[in-house]
file my_file.cif (mmCIF, C-alpha atoms)
data_upload
#
loop_
_atom_site.label_atom_id
_atom_site.label_comp_id
_atom_site.auth_asym_id
_atom_site.auth_seq_id
_atom_site.Cartn_x
_atom_site.Cartn_y
_atom_site.Cartn_z
CA MET F 1 7.66 14.20 -1.87
CA LYS F 2 7.84 13.99 -5.66
CA ILE F 3 5.27 11.95 -7.60
CA PRO F 4 6.90 8.91 -9.24
CA LYS F 5 6.69 8.61 -13.01
CA SER F 6 6.21 4.87 -12.58
CA ILE F 7 6.55 1.99 -10.13
CA GLU F 8 8.80 -0.88 -11.20
CA PHE F 9 8.40 -4.32 -9.66
CA HIS F 10 11.70 -6.23 -9.87
CA ASN F 11 12.58 -9.90 -9.35
CA GLU F 12 8.98 -11.10 -9.33
CA THR F 13 8.10 -8.99 -6.30
CA ASN F 14 4.69 -8.43 -7.89
CA TYR F 15 3.99 -12.18 -7.57
CA ALA F 16 5.14 -12.21 -3.95
CA LEU F 17 2.90 -9.24 -3.20
CA LEU F 18 -0.12 -10.89 -4.82
CA ARG F 19 0.49 -14.17 -2.96
CA PHE F 20 0.65 -12.39 0.40
CA LEU F 21 -2.49 -10.37 -0.31
CA LYS F 22 -4.41 -13.38 -1.65
CA ALA F 23 -3.46 -15.47 1.41
CA ALA F 24 -5.30 -13.03 3.69
CA GLU F 25 -8.68 -13.54 1.98
CA PRO F 26 -11.49 -13.14 2.79
CA GLU F 27 -9.90 -10.32 4.82
CA GLU F 28 -7.85 -7.46 3.42
CA GLY F 29 -4.15 -8.21 3.28
CA CYS F 30 -1.43 -5.61 3.73
CA CYS F 31 2.27 -5.36 2.92
CA MET F 32 5.11 -2.86 2.94
CA LEU F 33 6.97 -2.30 -0.34
CA ILE F 34 10.70 -1.70 -0.06
CA GLY F 35 13.20 -0.52 -2.65
CA LYS F 36 14.69 2.66 -4.03
CA THR F 37 13.55 5.90 -5.52
CA ASN F 38 15.69 6.27 -8.61
CA SER F 39 16.14 9.74 -10.03
CA SER F 40 18.86 9.74 -12.64
CA ALA F 41 21.54 12.38 -12.23
CA LYS F 42 21.50 12.90 -16.02
CA ASP F 43 17.73 13.14 -16.32
CA HIS F 44 16.06 14.82 -13.35
CA LYS F 45 12.63 14.10 -14.85
CA ARG F 46 13.19 10.35 -14.38
CA ASN F 47 11.62 9.54 -11.06
CA ILE F 48 11.15 5.78 -10.96
CA TRP F 49 10.42 3.88 -7.76
CA GLU F 50 11.91 0.38 -7.83
CA VAL F 51 10.26 -2.27 -5.65
CA THR F 52 12.82 -4.94 -4.77
CA HIS F 53 11.38 -6.46 -1.57
CA ILE F 54 7.94 -7.13 -0.09
CA ARG F 55 7.32 -7.46 3.64
CA ASN F 56 4.07 -9.15 4.57
CA CYS F 57 2.31 -7.46 7.50
CA ARG F 58 -0.42 -8.40 9.91
CA ASN F 59 -3.80 -6.70 9.59
CA ILE F 60 -4.75 -5.69 13.14
CA TRP F 61 -7.93 -3.79 12.31
CA GLY F 62 -10.32 -4.11 15.26
CA GLU F 63 -7.85 -5.99 17.46
CA PRO F 64 -6.92 -4.70 20.93
CA GLU F 65 -3.64 -3.15 19.68
CA SER F 66 -5.44 -1.26 16.89
CA LYS F 67 -4.90 2.50 17.03
CA LEU F 68 -7.28 3.54 14.25
CA ILE F 69 -10.66 2.72 15.70
CA ASP F 70 -11.61 5.99 17.28
CA GLN F 71 -14.61 8.28 17.40
CA ASN F 72 -13.81 10.00 14.07
CA ILE F 73 -13.75 6.70 12.20
CA ARG F 74 -16.93 5.50 13.89
CA GLU F 75 -18.69 8.74 12.92
CA PHE F 76 -17.38 8.48 9.34
CA SER F 77 -18.52 4.86 8.99
CA ASN F 78 -21.93 5.64 10.53
CA GLN F 79 -22.47 8.51 8.07
CA LYS F 80 -21.63 6.19 5.17
CA ASN F 81 -23.62 3.25 6.60
CA MET F 82 -20.47 1.12 6.60
CA GLN F 83 -19.84 -1.96 8.69
CA LEU F 84 -16.08 -1.88 9.21
CA SER F 85 -14.17 -5.14 9.62
CA LYS F 86 -10.99 -6.78 8.35
CA LYS F 87 -12.98 -7.75 5.26
CA ASN F 88 -13.12 -4.10 4.12
CA ARG F 89 -10.42 -2.35 6.18
CA PHE F 90 -6.85 -2.85 7.30
CA GLU F 91 -4.36 -1.47 9.75
CA ILE F 92 -0.74 -2.51 9.56
CA ASN F 93 0.70 -3.76 12.83
CA ALA F 94 3.11 -1.12 14.23
CA ILE F 95 5.71 -3.80 15.00
CA ASP F 96 5.68 -4.86 11.33
CA GLN F 97 6.03 -1.23 10.24
CA ILE F 98 9.00 -0.62 12.53
CA ALA F 99 10.67 -3.88 11.45
CA SER F 100 10.19 -2.97 7.77
CA HIS F 101 11.74 0.46 8.23
CA LYS F 102 14.64 -0.95 10.25
CA TRP F 103 15.34 -3.70 7.69
CA ALA F 104 15.17 -1.18 4.83
CA ARG F 105 17.65 1.17 6.55
CA GLU F 106 20.05 -1.70 7.32
CA ASN F 107 20.00 -2.66 3.63
CA ASN F 108 20.38 0.85 2.19
CA LEU F 109 16.79 0.82 0.97
CA GLU F 110 13.63 2.64 1.92
CA VAL F 111 10.01 1.82 2.55
CA LEU F 112 8.30 3.16 -0.55
CA CYS F 113 4.67 2.61 0.39
CA PHE F 114 2.16 0.06 1.57
CA ALA F 115 -0.12 -2.15 -0.46
CA HIS F 116 -3.41 -3.73 0.46
CA SER F 117 -6.15 -5.78 -1.11
CA HIS F 118 -9.80 -5.22 -1.79
CA PRO F 119 -10.84 -8.90 -1.92
CA THR F 120 -14.44 -8.11 -2.87
CA GLY F 121 -14.06 -4.73 -4.55
CA GLU F 122 -12.19 -2.78 -7.16
CA ASN F 123 -8.55 -1.71 -6.90
CA LYS F 124 -9.34 1.95 -6.42
CA PRO F 125 -8.93 3.83 -3.12
CA SER F 126 -12.09 3.65 -1.03
CA GLU F 127 -13.43 6.65 0.85
CA MET F 128 -12.05 5.12 4.04
CA ASP F 129 -8.63 4.57 2.39
CA LEU F 130 -8.53 8.26 1.48
CA PHE F 131 -9.85 9.32 4.89
CA LEU F 132 -7.03 7.50 6.70
CA HIS F 133 -4.13 7.92 4.24
CA GLN F 134 -1.19 10.11 5.18
CA SER F 135 -0.94 12.37 2.13
CA PRO F 136 0.89 12.83 -0.10
CA GLY F 137 2.01 9.34 -0.89
CA LEU F 138 1.66 6.18 -2.92
CA MET F 139 -0.89 3.42 -2.37
CA ILE F 140 -1.03 0.10 -4.24
CA ILE F 141 -4.23 -1.93 -4.26
CA SER F 142 -5.10 -5.35 -5.66
CA ASN F 143 -8.66 -6.35 -6.50
CA LYS F 144 -10.46 -9.69 -6.27
CA ASP F 145 -8.88 -10.77 -9.58
CA GLY F 146 -5.34 -10.01 -8.41
CA ASP F 147 -4.88 -6.95 -10.61
CA LEU F 148 -2.60 -4.30 -9.13
CA LYS F 149 -3.04 -0.55 -9.49
CA ALA F 150 -0.88 2.21 -8.05
CA TRP F 151 -2.34 5.50 -6.88
CA TRP F 152 -0.68 8.77 -5.93
CA ILE F 153 -2.75 10.26 -3.12
CA LYS F 154 -2.27 14.01 -3.11
CA ASN F 155 -4.89 14.64 -0.42
CA LYS F 156 -8.19 13.26 0.84
CA LEU F 157 -9.99 14.36 -2.34
CA ASN F 158 -7.34 14.24 -5.04
CA PHE F 159 -5.63 11.11 -6.36
CA HIS F 160 -4.54 9.68 -9.71
CA SER F 161 -3.07 6.49 -11.11
CA VAL F 162 0.65 5.82 -11.48
CA LYS F 163 2.00 3.44 -14.12
CA ILE F 164 3.18 0.01 -12.94
CA GLU F 165 5.94 -1.79 -14.83
CA ILE F 166 7.04 -5.40 -14.25
CA PHE F 167 10.67 -6.47 -14.74
CA SER F 168 11.54 -10.16 -14.56
CA LEU F 169 14.91 -11.88 -14.17
CA THR F 170 14.93 -13.15 -17.74
#
call {"tool": "encode", "arguments": {"input": "my_file.cif", "output": "structure tokens"}}
result
Amino acid sequence: MKIPKSIEFHNETNYALLRFLKAAEPEEGCCMLIGKTNSSAKDHKRNIWEVTHIRNCRNIWGEPESKLIDQNIREFSNQKNMQLSKKNRFEINAIDQIASHKWARENNLEVLCFAHSHPTGENKPSEMDLFLHQSPGLMIISNKDGDLKAWWIKNKLNFHSVKIEIFSLT
């Protein structure tokens, strides 16, 4: 998977994303971002990911259908003295993930990445985010002030920011 040069939010999808994430407070919110990877045939260096749709998802962390609470995560959180809850962790409902992928395919689009909020922290990947992320890939995080940052996660120890651009209808 090639690292995007930038992420473009189109048609006020950035506002929709922020509304969904803010609505989940005081818990972490989570969404799937859908659109297109756009590499120009003329300029192969142009690798822009265009977000055109946001799908709100249910955070099921700690619920009976959760698949992520296992011994490895418990050991990790114990080592770090972390109390894990929906206020500092998320897991996207598998049904929401499948529906997002199906809808994207039916509309000639693709799921680009997920986004989540850190309602009490900064918009930088946490140790737990990095521990659980399927690398390589993109992660978008909003902070308590509603500021978005995009991160390319190369592996559990290596990540860097990706530029976000906003395009409105006007």
call {"tool": "closest_residue", "arguments": {"input": "my_file.cif", "among": "F:Tyr15, F:Trp49, F:Phe159, F:Trp61", "to": "F:Pro136", "atoms": "only C-alpha atoms"}}
result
F:Phe159
call {"tool": "residues_around", "arguments": {"input": "my_file.cif", "residues": "F:Ile48", "least_positions_apart": "5", "cutoff": "7 Å", "atoms": "only C-alpha atoms", "output": "VMD selection string"}}
result
chain F and resid 4 to 7 37 to 39
call {"tool": "residues_near_point", "arguments": {"input": "my_file.cif", "point": "(8.8, 0.0, 0.0)", "cutoff": "9 Å", "atoms": "only C-alpha atoms", "output": "PyMOL selection string"}}
result
chain F and resi 31-36+49-55+100-101+104+109-114
call {"tool": "closest_residue", "arguments": {"input": "my_file.cif", "among": "F:Lys2, F:Arg105, F:Arg58, F:Arg89", "to": "F:Ser135", "atoms": "all atoms listed in the file"}}
result
F:Lys2
call {"tool": "atom_distance", "arguments": {"input": "my_file.cif", "atom1": "atom CA of F:Leu138", "atom2": "atom CA of F:Leu21"}}
result
17.3 Å
call {"tool": "atom_distance", "arguments": {"input": "my_file.cif", "atom1": "atom CA of F:Val162", "atom2": "atom CA of F:Gly137"}}
result
11.2 Å
call {"tool": "closest_residue", "arguments": {"input": "my_file.cif", "among": "F:Lys163, F:Lys22, F:Lys67, F:His118", "to": "F:Ile92", "atoms": "only C-alpha atoms"}}
result
F:Lys67
call {"tool": "resolve_selection", "arguments": {"input": "my_file.cif", "expression": "the PyMOL selection byres ((chain F and resi 95) around 12)", "output": "CSV table (one decimal) with C-alpha atoms, in the coordinates of the input"}}
result
chain,number,residue,atom,x,y,z
F,56,ASN,CA,4.1,-9.2,4.6
F,57,CYS,CA,2.3,-7.5,7.5
F,58,ARG,CA,-0.4,-8.4,9.9
F,59,ASN,CA,-3.8,-6.7,9.6
F,60,ILE,CA,-4.8,-5.7,13.1
F,65,GLU,CA,-3.6,-3.2,19.7
F,66,SER,CA,-5.4,-1.3,16.9
F,91,GLU,CA,-4.4,-1.5,9.8
F,92,ILE,CA,-0.7,-2.5,9.6
F,93,ASN,CA,0.7,-3.8,12.8
F,94,ALA,CA,3.1,-1.1,14.2
F,96,ASP,CA,5.7,-4.9,11.3
F,97,GLN,CA,6.0,-1.2,10.2
F,98,ILE,CA,9.0,-0.6,12.5
F,99,ALA,CA,10.7,-3.9,11.4
F,100,SER,CA,10.2,-3.0,7.8
F,101,HIS,CA,11.7,0.5,8.2
F,102,LYS,CA,14.6,-1.0,10.2
call {"tool": "residues_near_point", "arguments": {"input": "my_file.cif", "point": "(9.9, -8.2, -13.3)", "cutoff": "10 Å", "atoms": "all atoms listed in the file", "output": "list in words"}}
result
Glu8, Phe9, His10, Asn11, Glu12, Thr13, Asn14, Tyr15, Val51, Thr52, Glu165, Ile166, Phe167, Ser168, Leu169 and Thr170 of chain F
call {"tool": "atom_distance", "arguments": {"input": "my_file.cif", "atom1": "atom CA of F:Glu122", "atom2": "atom CA of F:Cys30"}}
result
15.6 Å
